[in-house]
$ cat final28.txt   # compact mmCIF, C-alpha atoms and all ligand atoms
# COMPACT_ATOMS: atom_id res chain seq x y z
CA MET A 1 6.04 1.43 -5.76
CA GLY A 2 2.53 1.55 -4.32
CA LYS A 3 1.77 3.35 -1.09
CA ASP A 4 0.63 0.94 1.59
CA VAL A 5 -0.36 0.62 5.23
CA ILE A 6 1.74 -1.88 7.19
CA ILE A 7 0.21 -3.20 10.42
CA ALA A 8 2.75 -3.66 13.24
CA CYS A 9 1.82 -7.10 14.61
CA ASP A 10 3.42 -6.55 18.01
CA PHE A 11 2.00 -9.68 19.61
CA ALA A 12 3.72 -12.01 22.08
CA SER A 13 2.49 -15.26 20.52
CA LYS A 14 1.27 -16.87 17.34
CA GLU A 15 -2.16 -17.41 18.89
CA ALA A 16 -2.61 -13.72 19.65
CA CYS A 17 -1.35 -12.76 16.21
CA PHE A 18 -3.59 -15.21 14.36
CA ALA A 19 -6.65 -14.24 16.44
CA PHE A 20 -6.00 -10.72 15.15
CA LEU A 21 -5.32 -11.69 11.52
CA ASP A 22 -8.41 -13.94 11.43
CA LYS A 23 -10.55 -10.79 11.59
CA PHE A 24 -9.37 -9.83 8.09
CA THR A 25 -11.54 -11.89 5.81
CA GLY A 26 -11.31 -9.63 2.75
CA ARG A 27 -8.17 -7.70 1.85
CA LYS A 28 -4.96 -9.18 3.37
CA PRO A 29 -2.94 -6.38 4.96
CA PHE A 30 0.84 -5.95 4.69
CA VAL A 31 2.12 -6.85 8.19
CA LYS A 32 5.26 -6.12 10.18
CA ILE A 33 6.72 -8.91 12.30
CA GLY A 34 9.15 -7.68 14.92
CA MET A 35 11.72 -9.26 17.20
CA GLU A 36 9.26 -10.22 19.95
CA LEU A 37 7.07 -12.42 17.76
CA PHE A 38 9.96 -13.74 15.66
CA TYR A 39 12.04 -14.75 18.68
CA ALA A 40 8.99 -16.33 20.34
CA GLU A 41 7.83 -18.33 17.35
CA GLY A 42 10.82 -18.63 15.01
CA PRO A 43 10.86 -18.60 11.19
CA ALA A 44 7.69 -20.77 11.06
CA ILE A 45 5.60 -17.71 11.93
CA VAL A 46 6.85 -15.98 8.78
CA ARG A 47 6.02 -18.98 6.59
CA GLU A 48 2.55 -19.32 8.11
CA ILE A 49 1.63 -15.65 7.73
CA LYS A 50 2.99 -15.68 4.20
CA LYS A 51 0.87 -18.76 3.42
CA ARG A 52 -2.19 -16.79 4.56
CA GLY A 53 -1.48 -14.32 1.76
CA HIS A 54 0.07 -11.37 3.60
CA LYS A 55 3.08 -9.35 2.52
CA ILE A 56 5.66 -9.27 5.33
CA PHE A 57 8.06 -6.63 6.62
CA LEU A 58 10.45 -8.57 8.88
CA ASP A 59 11.74 -5.95 11.32
CA LEU A 60 14.85 -7.54 12.88
CA LYS A 61 17.25 -4.58 12.48
CA LEU A 62 20.41 -6.53 11.70
CA HIS A 63 23.76 -5.02 12.79
CA ASP A 64 26.92 -7.15 12.75
CA ILE A 65 30.06 -7.67 10.67
CA PRO A 66 29.40 -7.71 6.89
CA ASN A 67 29.92 -11.47 6.45
CA THR A 68 27.48 -12.38 9.23
CA VAL A 69 24.86 -9.95 7.97
CA LYS A 70 25.27 -11.19 4.39
CA LYS A 71 24.71 -14.81 5.41
CA SER A 72 21.82 -13.97 7.72
CA MET A 73 20.13 -11.91 5.02
CA ALA A 74 20.39 -14.89 2.65
CA VAL A 75 18.41 -16.93 5.20
CA LEU A 76 15.75 -14.20 5.53
CA SER A 77 15.50 -13.89 1.76
CA ARG A 78 14.71 -17.61 1.50
CA LEU A 79 11.82 -17.00 3.91
CA ASP A 80 10.32 -14.96 1.06
CA VAL A 81 9.75 -11.79 3.10
CA ASP A 82 8.85 -8.66 1.12
CA MET A 83 10.81 -6.14 3.19
CA THR A 84 13.45 -6.30 5.91
CA ASN A 85 15.86 -3.92 7.61
CA LEU A 86 19.22 -3.23 9.23
CA HIS A 87 21.02 -0.48 11.14
CA ALA A 88 22.76 2.03 8.87
CA ALA A 89 25.31 2.38 11.72
CA GLY A 90 26.76 -0.92 10.46
CA ALA A 91 28.23 1.22 7.63
CA SER A 92 28.40 0.76 3.87
CA SER A 93 30.40 -2.50 3.81
CA MET A 94 27.75 -4.15 5.97
CA MET A 95 24.89 -2.69 3.93
CA LYS A 96 26.44 -3.84 0.65
CA GLY A 97 26.98 -7.30 2.14
CA ALA A 98 23.32 -7.34 3.15
CA ILE A 99 22.20 -6.59 -0.43
CA GLU A 100 24.41 -9.40 -1.74
CA GLY A 101 23.01 -11.85 0.79
CA LEU A 102 19.41 -10.86 0.09
CA THR A 103 19.67 -11.16 -3.69
CA ARG A 104 18.22 -14.45 -4.89
CA GLU A 105 19.55 -16.50 -7.79
CA ASP A 106 16.90 -15.04 -10.11
CA GLY A 107 18.05 -11.51 -9.24
CA THR A 108 14.99 -10.62 -7.11
CA ARG A 109 15.25 -9.62 -3.45
CA PRO A 110 13.10 -8.20 -0.64
CA LEU A 111 13.15 -4.42 -0.16
CA LEU A 112 15.92 -3.42 2.25
CA ILE A 113 15.30 -0.47 4.56
CA ALA A 114 17.77 1.19 6.95
CA VAL A 115 17.20 2.34 10.49
CA THR A 116 19.16 5.60 10.98
CA GLN A 117 19.30 6.83 14.57
CA LEU A 118 16.74 5.14 16.80
CA THR A 119 14.12 7.66 17.91
CA SER A 120 14.95 6.63 21.49
CA THR A 121 18.43 8.14 21.03
CA ASP A 122 18.31 11.89 21.57
CA GLU A 123 21.01 14.41 20.77
CA GLU A 124 22.39 14.33 24.34
CA THR A 125 22.79 10.53 24.29
CA MET A 126 24.35 10.75 20.85
CA LYS A 127 26.93 13.26 22.10
CA ASN A 128 27.66 11.72 25.52
CA GLU A 129 27.47 8.00 24.80
CA LEU A 130 27.97 7.56 21.06
CA LEU A 131 30.54 10.41 21.00
CA ILE A 132 29.04 11.98 17.87
CA LYS A 133 29.65 15.50 19.10
CA ASP A 134 29.95 17.90 16.19
CA THR A 135 26.97 16.94 14.07
CA PRO A 136 23.34 17.75 14.89
CA ILE A 137 21.10 14.69 15.10
CA ASP A 138 19.03 15.73 12.02
CA GLU A 139 22.18 15.82 9.92
CA VAL A 140 23.31 12.42 11.30
CA VAL A 141 19.94 10.97 10.26
CA MET A 142 20.17 12.48 6.76
CA SER A 143 23.79 11.43 6.32
CA TYR A 144 22.99 7.84 7.37
CA ALA A 145 20.09 7.88 4.89
CA GLU A 146 22.43 9.01 2.14
CA ASN A 147 24.95 6.27 3.00
CA ALA A 148 22.12 3.73 2.82
CA MET A 149 21.08 5.03 -0.60
CA LYS A 150 24.66 4.96 -1.90
CA SER A 151 25.02 1.39 -0.62
CA GLY A 152 22.06 0.35 -2.77
CA LEU A 153 19.32 0.19 -0.12
CA ASP A 154 15.74 1.03 -0.99
CA GLY A 155 14.83 3.44 1.81
CA VAL A 156 14.82 4.30 5.50
CA VAL A 157 12.57 4.06 8.50
CA CYS A 158 11.93 7.62 9.63
CA SER A 159 9.41 9.86 11.31
CA PRO A 160 6.73 11.13 8.90
CA LEU A 161 8.09 14.58 9.78
CA GLU A 162 11.43 13.62 8.19
CA ALA A 163 10.01 11.97 5.05
CA GLY A 164 10.06 15.16 2.96
CA LYS A 165 13.67 15.94 3.90
CA VAL A 166 14.77 12.37 3.12
CA HIS A 167 13.17 12.62 -0.34
CA ASP A 168 14.84 15.99 -0.94
CA ARG A 169 18.25 14.56 -0.04
CA CYS A 170 17.99 11.03 -1.47
CA GLY A 171 15.42 11.37 -4.24
CA LYS A 172 11.69 10.67 -4.55
CA GLY A 173 12.28 7.00 -5.35
CA PHE A 174 14.09 6.37 -2.04
CA LEU A 175 11.40 4.91 0.20
CA THR A 176 10.30 6.37 3.52
CA VAL A 177 8.68 3.90 5.92
CA THR A 178 7.13 5.86 8.75
CA PRO A 179 5.81 4.80 12.17
CA GLY A 180 4.33 7.28 14.66
CA VAL A 181 0.94 7.46 12.96
CA ARG A 182 -2.24 8.27 14.88
CA PHE A 183 -5.80 9.18 13.95
CA ALA A 184 -6.72 12.82 14.59
CA ASP A 185 -9.24 11.72 17.23
CA GLY A 186 -7.14 8.85 18.67
CA ASP A 187 -4.79 8.19 21.60
CA VAL A 188 -1.16 9.21 21.09
CA GLY A 189 0.11 6.66 23.67
CA ASP A 190 3.92 6.71 24.10
CA GLN A 191 4.64 8.20 20.65
CA LYS A 192 5.90 11.76 20.91
CA ARG A 193 5.84 13.10 17.37
CA VAL A 194 2.82 11.83 15.49
CA MET A 195 0.95 12.43 12.27
CA THR A 196 -2.38 11.28 10.87
CA PRO A 197 -2.39 8.92 7.86
CA ALA A 198 -3.69 11.80 5.69
CA GLU A 199 -0.83 14.08 6.82
CA ALA A 200 1.72 11.30 6.23
CA LYS A 201 0.34 10.95 2.70
CA ARG A 202 0.55 14.70 2.10
CA ILE A 203 4.15 14.86 3.29
CA GLY A 204 5.16 11.98 1.01
CA SER A 205 5.58 8.87 3.18
CA ASP A 206 5.67 5.73 1.03
CA TYR A 207 4.57 3.28 3.71
CA ILE A 208 3.06 3.96 7.13
CA VAL A 209 3.58 1.47 9.95
CA VAL A 210 0.58 1.47 12.26
CA GLY A 211 0.32 -0.66 15.39
CA ARG A 212 -1.99 0.12 18.28
CA PRO A 213 -4.41 2.44 16.44
CA ILE A 214 -5.39 -0.74 14.54
CA THR A 215 -4.47 -3.64 16.85
CA ALA A 216 -6.10 -2.08 19.94
CA ALA A 217 -9.13 -0.63 18.12
CA PRO A 218 -12.59 -1.96 19.00
CA ASP A 219 -12.97 -2.79 15.28
CA PRO A 220 -9.46 -3.39 13.87
CA VAL A 221 -10.68 -4.04 10.31
CA ALA A 222 -12.56 -0.72 10.26
CA ALA A 223 -9.49 1.06 11.71
CA TYR A 224 -7.30 -0.52 9.01
CA GLU A 225 -9.75 0.47 6.26
CA ARG A 226 -9.79 4.02 7.65
CA CYS A 227 -5.99 4.14 7.43
CA VAL A 228 -6.08 2.85 3.86
CA ALA A 229 -8.77 5.37 2.90
CA GLU A 230 -6.78 8.27 4.41
CA PHE A 231 -3.34 7.19 3.20
CA CYS A 232 -3.72 5.25 -0.05
CA ASP A 233 -6.90 6.36 -1.78
O1 LIG B 1 1.62 0.94 18.15
P1 LIG B 1 2.39 1.90 17.29
O2 LIG B 1 1.59 2.45 16.12
O3 LIG B 1 3.06 2.99 18.11
O4 LIG B 1 3.52 0.97 16.65
C1 LIG B 1 4.56 1.51 15.87
C2 LIG B 1 5.49 0.40 15.43
O5 LIG B 1 6.61 1.01 14.77
C3 LIG B 1 6.07 -0.44 16.56
O6 LIG B 1 6.28 -1.77 16.05
C4 LIG B 1 7.37 0.24 16.86
O7 LIG B 1 8.33 -0.64 17.39
C5 LIG B 1 7.81 0.71 15.47
N1 LIG B 1 8.72 1.86 15.48
C6 LIG B 1 8.42 3.08 16.07
N2 LIG B 1 9.31 4.11 16.06
C7 LIG B 1 10.50 3.95 15.46
C8 LIG B 1 10.85 2.74 14.86
C9 LIG B 1 9.92 1.70 14.89
O8 LIG B 1 7.31 3.23 16.61
N3 LIG B 1 11.33 4.97 15.42
$ encode --input "final28.txt" --output "structure tokens" --more "lines below"
Ligand code: C5P
Amino acid sequence: MGKDVIIACDFASKEACFAFLDKFTGRKPFVKIGMELFYAEGPAIVREIKKRGHKIFLDLKLHDIPNTVKKSMAVLSRLDVDMTNLHAAGASSMMKGAIEGLTREDGTRPLLIAVTQLTSTDEETMKNELLIKDTPIDEVVMSYAENAMKSGLDGVVCSPLEAGKVHDRCGKGFLTVTPGVRFADGDVGDQKRVMTPAEAKRIGSDYIVVGRPITAAPDPVAAYERCVAEFCD
């Protein structure tokens, strides 16, 4: 599985997204489409970006009963996305249903990645609202990752700081997809725990997800190429 840089296309409309993608005349980057753009533009946006030659990570974080997730994943698989995700909190029956739904008649399927605990949930919220009281948050994250692996998923979304631990627990082949990446000389913005692309590479991330350091750069193509040079080469 090749290491790659995935650009988070967090745009509110197709026009804004395409104005951005039009800048890439050479190499076609792997892009992440999230809920905002998907809910604004519908499945057509996926087909159009795919037609332009990009690989797509469709970040919709499914979480529902197994039957609903299975059927919804079958729809996403037909959109020919390359990677999609769900919440590991949906438990193993839901995750196994998702794999079944995603698997096409020819046996192929998009990569399926689990979200463990959202980084917006801290240990206090986990204890007081989710009533997970006796387990430290790091162990909850690792245990969810292990459940995902045992359910047949391909990897997890995690902080680059957790990528090494995930590989130790779940094996080198279990993918780590890591946001929270910033250039050493760049703005951190609202991300709290960040790493440079070079550090993410060193620690063993398989894919980095990079949004604003590329989308808000004066020269987005140069910023993307810098990420690729630091992370992939
Ligand atoms: O602009 P920035 O590089 O911070 O974008 C990071 C992307 O990764 C965004 O699409 C964000 O929603 C996503 N993400 C994240 N932290 C997580 C999970 C997803 O930043 N824990």
$ residues_around --input "final28.txt" --residues "Val221 in chain A" --least-positions-apart "5" --cutoff "10 Å" --atoms "all atoms listed in the file" --output "list in words"
Phe20, Leu21, Lys23, Phe24, Thr25, Gly26, Arg27, Pro29, Ile214, Thr215, Arg226 and Cys227 of chain A
$ residues_near_ligand --input "final28.txt" --ligand "ligand LIG 1 (chain B)" --cutoff "9 Å" --atoms "only C-alpha atoms and all ligand atoms" --output "ChimeraX atom specification"
/A:7-10,32-34,59,115,117-120,157-159,178-182,188-191,208-216
$ closest_residue --input "final28.txt" --among "A:Gly53, A:Gly155, A:Pro220, A:Pro160" --to "Ile203 in chain A" --atoms "all atoms listed in the file"
A:Pro160
$ closest_residue --input "final28.txt" --among "A:Leu131, A:Ala12, A:Ala44, A:Met83" --to "Pro110 in chain A" --atoms "only C-alpha atoms"
A:Met83
$ closest_residue --input "final28.txt" --among "A:Leu175, A:Ala16, A:Leu112, A:Met94" --to "Leu60 in chain A" --atoms "only C-alpha atoms"
A:Leu112
$ closest_residue --input "final28.txt" --among "A:Thr121, A:Ala145, A:Cys17, A:Asp233" --to "Arg202 in chain A" --atoms "all atoms listed in the file"
A:Asp233
$ residues_around --input "final28.txt" --residues "Ser72 in chain A" --least-positions-apart "5" --cutoff "10 Å" --atoms "all atoms listed in the file" --output "ChimeraX atom specification"
/A:62,64,66-67,77,98,101-102
$ atom_distance --input "final28.txt" --atom1 "CA of Thr135 in chain A" --atom2 "CA of Asp122 in chain A"
12.5 Å
$ closest_residue --input "final28.txt" --among "A:Ala148, A:Asp206, A:Thr196, A:Ala91" --to "Lys172 in chain A" --atoms "all atoms listed in the file"
A:Asp206
$ atom_distance --input "final28.txt" --atom1 "CA of Met95 in chain A" --atom2 "CA of Met142 in chain A"
16.1 Å
$ atom_distance --input "final28.txt" --atom1 "CA of Asp22 in chain A" --atom2 "CA of Glu41 in chain A"
17.8 Å
$ closest_residue --input "final28.txt" --among "A:Gly107, A:Gly152, A:Gly164, A:Gly171" --to "Ser92 in chain A" --atoms "all atoms listed in the file"
A:Gly152
$ residues_around --input "final28.txt" --residues "Asp80 in chain A" --least-positions-apart "2" --cutoff "12 Å" --atoms "all atoms listed in the file" --output "PyMOL selection string"
chain A and resi 43-44+46-51+53-58+73-78+82-84+102-104+108-111
